[in-house]
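Everything on this sheet refers to the single structure shown next.
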2 protein chains.
Amino acid sequence: MLLLSSLFSSSSSSPHSRLLLLRLHIHLRRSISSSPPPSPSPPPLLDLPLSHPIYTIWASNTGLGKTLVSTGLAAATLLSPFPSSDSAKFIYIKPVQTGFPSDSDSAFVFRKFSQLVLRRRPSFAVSASNHVLKASASAAEAVLGFGSEGEGELRDLGAYEERRLLGEEWAAGAASELTCKTMYAWREAISPHLAVEREGGAVPDKVLLEVLGRCLRIGSEDGRGRMDVWSVVETAGGVASPGPSGTLQCDLYRVPVLVLPPVPQDPSDNLMEWFDKSQAVFSSLKEIMLSVYSERIQRFHDMPKRAGDIFWWPFTQHKLVPEETVTVIDSRCGENFSVHKVQNNDFIAQQFDACASWWTQGPDATLQIELARDVGYAAARFGHVMFPENVYEPALECAELLLEGVGKGWASRTFFSDNGSTAIEVALKMAFRKFSLDHGIILDSTDPNTIGKFIEVKVIALKGSYHGDTLGAMEAQAPSSYTGFLQQPWYTGKGLFLDPPTIFMCDGIWKLSLPEGVQSEKLKQEELTFQSRGEFFSKSRDGSSLAGSYSSFISQQLSAYSGLRGFGHIGALIIEPVVHGSGGMHMIDPLFQRVLVNECRSRKIPVIFDEVFTGFWRLGAESASELLCCQPDIACFAKLMTGGIIPLAATLATDAVFNAFAGDSKLKALLHGHSYTAHAMGCTAAVKSIKWFKDPQTNSNITSEGRLLRELWDAELVHQISSHPAVQRVVALGTLFALELQAEGSNVGYGSLYARSLLLKLREDGVYLRPLGNVIYLMCGPCTSPETCSQLLIKLYRRLEEFKPS
Amino acid sequence: MLLLSSLFSSSSSSPHSRLLLLRLHIHLRRSISSSPPPSPSPPPLLDLPLSHPIYTIWASNTGLGKTLVSTGLAAATLLSPFPSSDSAKFIYIKPVQTGFPSDSDSAFVFRKFSQLVLRRRPSFAVSASNHVLKASASAAEAVLGFGSEGEGELRDLGAYEERRLLGEEWAAGAASELTCKTMYAWREAISPHLAVEREGGAVPDKVLLEVLGRCLRIGSEDGRGRMDVWSVVETAGGVASPGPSGTLQCDLYRVPVLVLPPVPQDPSDNLMEWFDKSQAVFSSLKEIMLSVYSERIQRFHDMPKRAGDIFWWPFTQHKLVPEETVTVIDSRCGENFSVHKVQNNDFIAQQFDACASWWTQGPDATLQIELARDVGYAAARFGHVMFPENVYEPALECAELLLEGVGKGWASRTFFSDNGSTAIEVALKMAFRKFSLDHGIILDSTDPNTIGKFIEVKVIALKGSYHGDTLGAMEAQAPSSYTGFLQQPWYTGKGLFLDPPTIFMCDGIWKLSLPEGVQSEKLKQEELTFQSRGEFFSKSRDGSSLAGSYSSFISQQLSAYSGLRGFGHIGALIIEPVVHGSGGMHMIDPLFQRVLVNECRSRKIPVIFDEVFTGFWRLGAESASELLCCQPDIACFAKLMTGGIIPLAATLATDAVFNAFAGDSKLKALLHGHSYTAHAMGCTAAVKSIKWFKDPQTNSNITSEGRLLRELWDAELVHQISSHPAVQRVVALGTLFALELQAEGSNVGYGSLYARSLLLKLREDGVYLRPLGNVIYLMCGPCTSPETCSQLLIKLYRRLEEFKPS
């Protein structure tokens, strides 16, 4: 099988490309190779120029004709009877060659092409060259005839076999060029990773891709037109063949695959006749490839305008998004976007998704592929099937994993929905029913005497917390930019909203900031500042005088409220445990939240934890309730639950809550449910991700005890940033690093554009951030390495140094 | 590559099964075969006994040893030195044999097994037989030595080559048995579908599966224990090889695939040594297969209890769901569930998903596989990526298709969310903003003077309509079972709710039922009854006196409302066009809805169509607005949009609505959005499904004009059912057939269990229904054939005849 593919190519649906797209493989990499261990470091990535067509040629075996196709294409490009210009350039790159020097595909292309020139266009001005850049000691010795020092290292062969073709009638300064390059060569005719084992000369994937990137940029740097330069990369074996490091080539080069009909086998010795016969085929192949390339580039350029014309982006003032700032995302691989960029030329650049695509993301590159395979299987096996009164494997396994994991020790029921907002709405309904039962406020909806009668039930919640965008979930938040009449005419704020104490780092020290009303006169200094996170997460603070102050503060507020509105009830507590996300990445004093939970529980007010943001290792523990050292009656999960690949949410509850809905009538049941409840693909993805994140075999951030992630953010760097004059406060916990920029007036808050210039600079550094007003954050996945996190912090620090607010 | 698989097997995660599960293929069928046309009729399905282990054996080529493995397993089962009982039975089935009679795998198994008996257990009591059931004329002639009449038909060879092994020491009435069967044989040694072309003897998939089902049931009917019977089905070629009809075997038998290490090639001539050497391997293989089978059966039996213990099913009173009524769904294929059943023995039975899994479903079997491939690709390429201010192919293509399809002629913006409820919440926010702007009610949330001031804005909606389960969406419905204090303490009913006129069929006639308040004295009889749907959908009714009555009725209600509450505003109209779904499948007079839209538009009240249920051909047109002959300002879509495979919703809007959110501040933007907004997998599935449903090439229900589905429900049968005494009314439109059972008192309404006995009977008939109280409905997909729909109606009618309410 002979394959031709465009690096990072899309499956464009033009008629031309359909001809090429005879067969599309989704490579099930982990299943093809015998389960290699997950790579501990992030996969290296290639910055790819789009200034001219770049194609890769694959075959799953040797002797199938890859090199013949390369040669034919070179001839079709450079020796066409109707060249598009007189200065075309064809770059042939063989990244990895084994069996060298007796096998050398770049030498073959170079030689055969020279013969074709003499045959077809003997008077045409063409130059050609063949370079071999590096070779193993053994391969170098075979070429040079002598050995040298440094066994096991690669030899520089850069000058070897560079030649210029000078036909009789050729002019000097010939314009059209064939450039052939072999990047790495080994002597034995075996798989590259085996050759490395035997001959030495290991090449890390990262280095190989860097060198390949440099070779590809040759064509983009000499001012030729878009269609006058071609690059063809000829691989060593098929998509599932390993490169020198053992990484499969399909992973190394990240390609989808297009298939050509097989070329004739056993061509005659000098092959001239075969090339002549297939000339028309190659010309049309070339045309097809060119048009796919052109359409792709055109589409990249058109997409921002088309998007701006028809999308309605959420949370976005379209007037503030000029066409040139729209990001075209071509793909994602683990934590990174591949985005289209134009800087002199078109490029595919890599950007770390530091907003974790609204905090959903968790997969590394390996998990993403595993998830793709598993959800594909679930789709084929189940599609979606009805959930109520039914059971199927993925839903059952997912519910079990949730109850054994984030619900461990308290939850016994799993209710599925689609997103954080719906999970919260369900939680509120659950809590109010439980509260009503416990407090004897049962108004039977089937009793005509009580229809139309209402008792006011509200929540107690913290100012700055956010529980979703649906109108009901919004009622549980304090008035904010999101709740004005313009946004939500039905909002009234059905809650008692308390000002919470927050903790943040400033100048390398964790500081506690108390709200008005909390008695602080008698507090000692050590209750207000902390040297480490461990100190303020410690359960030993429960006995402190601050705990007492918190308790009186809360009691006082609850009493004042019920005094104010004698008829009202607080029917639920709802909090985001430990960190308020959308509210600006504020860390709430865990002691305060723990005291609050206890105060509510003693009043039989059901406790809801909104773990939509905090759940599944986002804050370094599987559930943030572990950090708080206390448990809810109801908790909501979404976002990271599926690894960040597909919407799914769950509301977990205790048996006591569940039993509040038992009865003889369906009308007593929880009459809430969404169409795709517990859909098989979502549950399948959740099962895979939950297991993946907590298994030290797949997630090297899991510490031996398995309860917490290791520290991802370098302490020194965090201190340094927290001491920067442009920075007001820092929060670093689990996968989250956030900072608030020093700002004043309208530069503070959600609507602020203060951070904009900083973000644009960081995007140039390959870091894709989105701000919350003047708060910016970096968010990685549970499997991201501390090294990657440090790189992000360093880039951030450098840009802070030059930050001048716009 | 040699494969062993369990028919419909799950990928159980036991350690044993992991040994087997070396490689799991997701079969990309359409990509492997060169795009065969979609099958016009529903794929035939196999009822599969689970009374004993059934495995299939595959190899992607001939000569790889399938038959050797079958023989080895037979010997391991029947000639074990430690048999589990003395009466084991091994059934070997070769459904399709070509090259017959010189090639006959069943004869090979039979012969080799006989030799092994003599060698290993010469004194053991075993009988063996080999049948060939049918053969092509040419194959039959080769066996019988003479030709016969009826060229092209299959010959019955049932009696050919039945033999009984009678070893010297064997007792009569031997207990252990080997039964070998070849179902169909052709003479030429070529692919079965080619043999059919040349020799005749076509076998439809349905017939082949029926015969196979009968063969498989042999083992379940003779009272042996679960582990004493084995069936092995040996296929013809690999998973992607065609059967006699050309259908790929993986589609025909619907199997996931487990791989065994290759068996040694070129075994010695009589193979005795090889079998002896591999005896231990086969014994352990047998053990593994047995344990996979047992675990699977055990899991089927455990699942209902485990589900009942930890799930919290939506809209379900758990107390009313005893363990034995929980349905275990093993997979779905197109419109059908495969469910586990126990009737004497364990079975996998097929049930038509007539509730369309809460109205989400659309795919036929082919589309389901296409969707699996496409979403797998999208997951691998994109996972999920950030949407706001970004663009990527699937989101762009999906938005374009929506605007060109269901939004054609009016919509210009697409806002994505996750489900119908969130799409509605977004629509309400859009409408209220537009209304406020148009009516000069702008309270600037950034202006401190207006913070905290509220103007009451409500909706106008129809009684019995339902717009989702989130608290905000629920405010847009009239008080109902869903809105009582027990369900939703925050509900107040923020709307003016009108009683709508409905249309239904009774005794074969469509009748109009008017609400109180609509002047009906002057109406002629032809305005109140209709012979056909076309009559009441006709736009010519706009000039009728009834249209005038509707208009006055609506004006009157609007005036009364604003008189009653001088301070209130009606800020949006929201309707389910044509049919109220959850409210009980009531068809609303389209004339009334059209008049209502016009009345609101003339008052500058934005119009929302809730097409969550009605969109994408559910009612026979791509959008129900086509049936209504009028267009909204905002419309909501979900459910069928992705073909029924994955949650995704969209709210479409006009440019005028979109522009109401333009401004210089982010705080004027629509501040609503969900984490997975416009997720790539959902958009990819929507793109595929939307194209699939409307393309006559893939959906044979699309009429030549392409605007409407052909009639799916047989007119005669619909009339007949509407005339049944147990039936009060019928609605049939597009993919929906609904009826309300005659009932009284507490048997009427959502909480009623009146229909229960009828539904249980229909499940026995292979039809999975869920009721809305005393309303039951059948719902198919846009591609389901009228023949299938007629079968459903016939089954329903039969069960109505014997219906006795419990």
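Ligands are numbered from 1 in the order shown, chains are lettered A, B, ... in the order of the structure tokens, and residues start at 1 in each chain.
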* Which residues of chain B are close to chain A, meaning at most 6 Å apart when you count only C-alpha atoms, and how do they look as an NGL selection string? -> :B and (23 or 31 or 310-317 or 326-329 or 331-332 or 357-358 or 369 or 372 or 376 or 379-386 or 388-392 or 412-415 or 445 or 469 or 471-472 or 484 or 645 or 647 or 666-667 or 669-673 or 675-676 or 751)
* Might you pull out every residue within 10 Å of A:Arg187, with only C-alpha atoms counted and same-chain residues fewer than 5 positions away left off, and present them as a ChimeraX atom specification? => /A:97-103,135-143,192,195-196,198-199
Could you write out that same residue set with N, CA, C and O atoms as a JSON list (two decimals), in the first residue's frame?
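What landed in part-v2.json:
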[["chain", "number", "residue", "atom", "x", "y", "z"],
["A", 97, "GLN", "N", 17.32, 7.22, 6.77],
["A", 97, "GLN", "CA", 17.71, 6.23, 5.76],
["A", 97, "GLN", "C", 18.49, 5.12, 6.46],
["A", 97, "GLN", "O", 19.46, 5.40, 7.17],
["A", 98, "THR", "N", 18.09, 3.89, 6.25],
["A", 98, "THR", "CA", 18.94, 2.79, 6.73],
["A", 98, "THR", "C", 19.47, 2.04, 5.51],
["A", 98, "THR", "O", 19.05, 2.28, 4.38],
["A", 99, "GLY", "N", 20.43, 1.12, 5.74],
["A", 99, "GLY", "CA", 21.06, 0.39, 4.63],
["A", 99, "GLY", "C", 22.00, 1.28, 3.84],
["A", 99, "GLY", "O", 22.36, 0.98, 2.69],
["A", 100, "PHE", "N", 22.41, 2.37, 4.42],
["A", 100, "PHE", "CA", 23.23, 3.37, 3.77],
["A", 100, "PHE", "C", 24.70, 2.97, 3.82],
["A", 100, "PHE", "O", 25.15, 2.42, 4.82],
["A", 101, "PRO", "N", 25.52, 3.23, 2.80],
["A", 101, "PRO", "CA", 25.21, 4.01, 1.60],
["A", 101, "PRO", "C", 24.70, 3.16, 0.43],
["A", 101, "PRO", "O", 24.32, 3.75, -0.58],
["A", 102, "SER", "N", 24.66, 1.81, 0.57],
["A", 102, "SER", "CA", 24.22, 1.09, -0.63],
["A", 102, "SER", "C", 22.76, 1.43, -0.95],
["A", 102, "SER", "O", 22.38, 1.50, -2.11],
["A", 103, "ASP", "N", 21.95, 1.63, 0.09],
["A", 103, "ASP", "CA", 20.62, 2.19, -0.14],
["A", 103, "ASP", "C", 20.66, 3.68, 0.15],
["A", 103, "ASP", "O", 21.04, 4.08, 1.26],
["A", 135, "ALA", "N", 25.39, 10.77, 9.65],
["A", 135, "ALA", "CA", 25.37, 9.31, 9.50],
["A", 135, "ALA", "C", 25.94, 8.68, 10.76],
["A", 135, "ALA", "O", 26.72, 9.31, 11.49],
["A", 136, "SER", "N", 25.56, 7.45, 11.01],
["A", 136, "SER", "CA", 26.14, 6.73, 12.13],
["A", 136, "SER", "C", 27.62, 6.48, 11.84],
["A", 136, "SER", "O", 28.06, 6.55, 10.68],
["A", 137, "ALA", "N", 28.38, 6.17, 12.89],
["A", 137, "ALA", "CA", 29.82, 5.93, 12.72],
["A", 137, "ALA", "C", 30.05, 4.86, 11.65],
["A", 137, "ALA", "O", 30.90, 5.01, 10.76],
["A", 138, "SER", "N", 29.25, 3.82, 11.73],
["A", 138, "SER", "CA", 29.44, 2.70, 10.81],
["A", 138, "SER", "C", 29.09, 3.10, 9.38],
["A", 138, "SER", "O", 29.80, 2.76, 8.42],
["A", 139, "ALA", "N", 28.00, 3.85, 9.21],
["A", 139, "ALA", "CA", 27.63, 4.31, 7.87],
["A", 139, "ALA", "C", 28.66, 5.30, 7.34],
["A", 139, "ALA", "O", 29.03, 5.28, 6.15],
["A", 140, "ALA", "N", 29.17, 6.15, 8.22],
["A", 140, "ALA", "CA", 30.17, 7.13, 7.80],
["A", 140, "ALA", "C", 31.45, 6.42, 7.36],
["A", 140, "ALA", "O", 32.06, 6.78, 6.34],
["A", 141, "GLU", "N", 31.81, 5.41, 8.12],
["A", 141, "GLU", "CA", 33.02, 4.67, 7.78],
["A", 141, "GLU", "C", 32.89, 4.03, 6.40],
["A", 141, "GLU", "O", 33.82, 4.02, 5.60],
["A", 142, "ALA", "N", 31.70, 3.52, 6.11],
["A", 142, "ALA", "CA", 31.47, 2.88, 4.82],
["A", 142, "ALA", "C", 31.62, 3.88, 3.68],
["A", 142, "ALA", "O", 32.05, 3.54, 2.58],
["A", 143, "VAL", "N", 31.29, 5.11, 3.95],
["A", 143, "VAL", "CA", 31.39, 6.13, 2.92],
["A", 143, "VAL", "C", 32.82, 6.65, 2.81],
["A", 143, "VAL", "O", 33.39, 6.74, 1.72],
["A", 192, "PRO", "N", 14.88, 1.73, 11.71],
["A", 192, "PRO", "CA", 15.76, 2.75, 12.29],
["A", 192, "PRO", "C", 16.01, 2.57, 13.79],
["A", 192, "PRO", "O", 17.13, 2.74, 14.26],
["A", 195, "ALA", "N", 18.54, -0.02, 14.18],
["A", 195, "ALA", "CA", 19.85, 0.46, 13.74],
["A", 195, "ALA", "C", 20.50, 1.31, 14.83],
["A", 195, "ALA", "O", 21.70, 1.20, 15.10],
["A", 196, "VAL", "N", 19.69, 2.13, 15.50],
["A", 196, "VAL", "CA", 20.21, 2.95, 16.59],
["A", 196, "VAL", "C", 20.73, 2.05, 17.71],
["A", 196, "VAL", "O", 21.81, 2.28, 18.26],
["A", 198, "ARG", "N", 21.98, -0.87, 17.44],
["A", 198, "ARG", "CA", 23.20, -1.58, 17.06],
["A", 198, "ARG", "C", 24.36, -0.66, 16.75],
["A", 198, "ARG", "O", 25.50, -0.96, 17.07],
["A", 199, "GLU", "N", 24.06, 0.46, 16.08],
["A", 199, "GLU", "CA", 25.15, 1.32, 15.61],
["A", 199, "GLU", "C", 25.30, 2.61, 16.43],
["A", 199, "GLU", "O", 26.24, 3.36, 16.22]]
* Asked: Which neighbours of A:Tyr777 fall inside 7 Å, counting only C-alpha atoms, when residues of the same chain fewer than 6 positions from it are skipped, and could you give them as a PyMOL selection string?
  -> chain A and resi 737-739+771
* Asked: Residues of stretch 444-635 of chain B in helix (DSSP H, G or I) according to DSSP, as a ChimeraX atom specification?
  -> /B:471-475,525-527,533-537,539-543,545-564,590-602,624-628
* Structure fact -> Separating atom CA of A:Cys789 from atom CA of A:Ala732, to the nearest tenth of an Å, is a gap of 11.4 Å
* Suppose you want the space between atom CA of A:Lys112 and atom CA of A:Thr71; what is it in Å? -> 7.1 Å
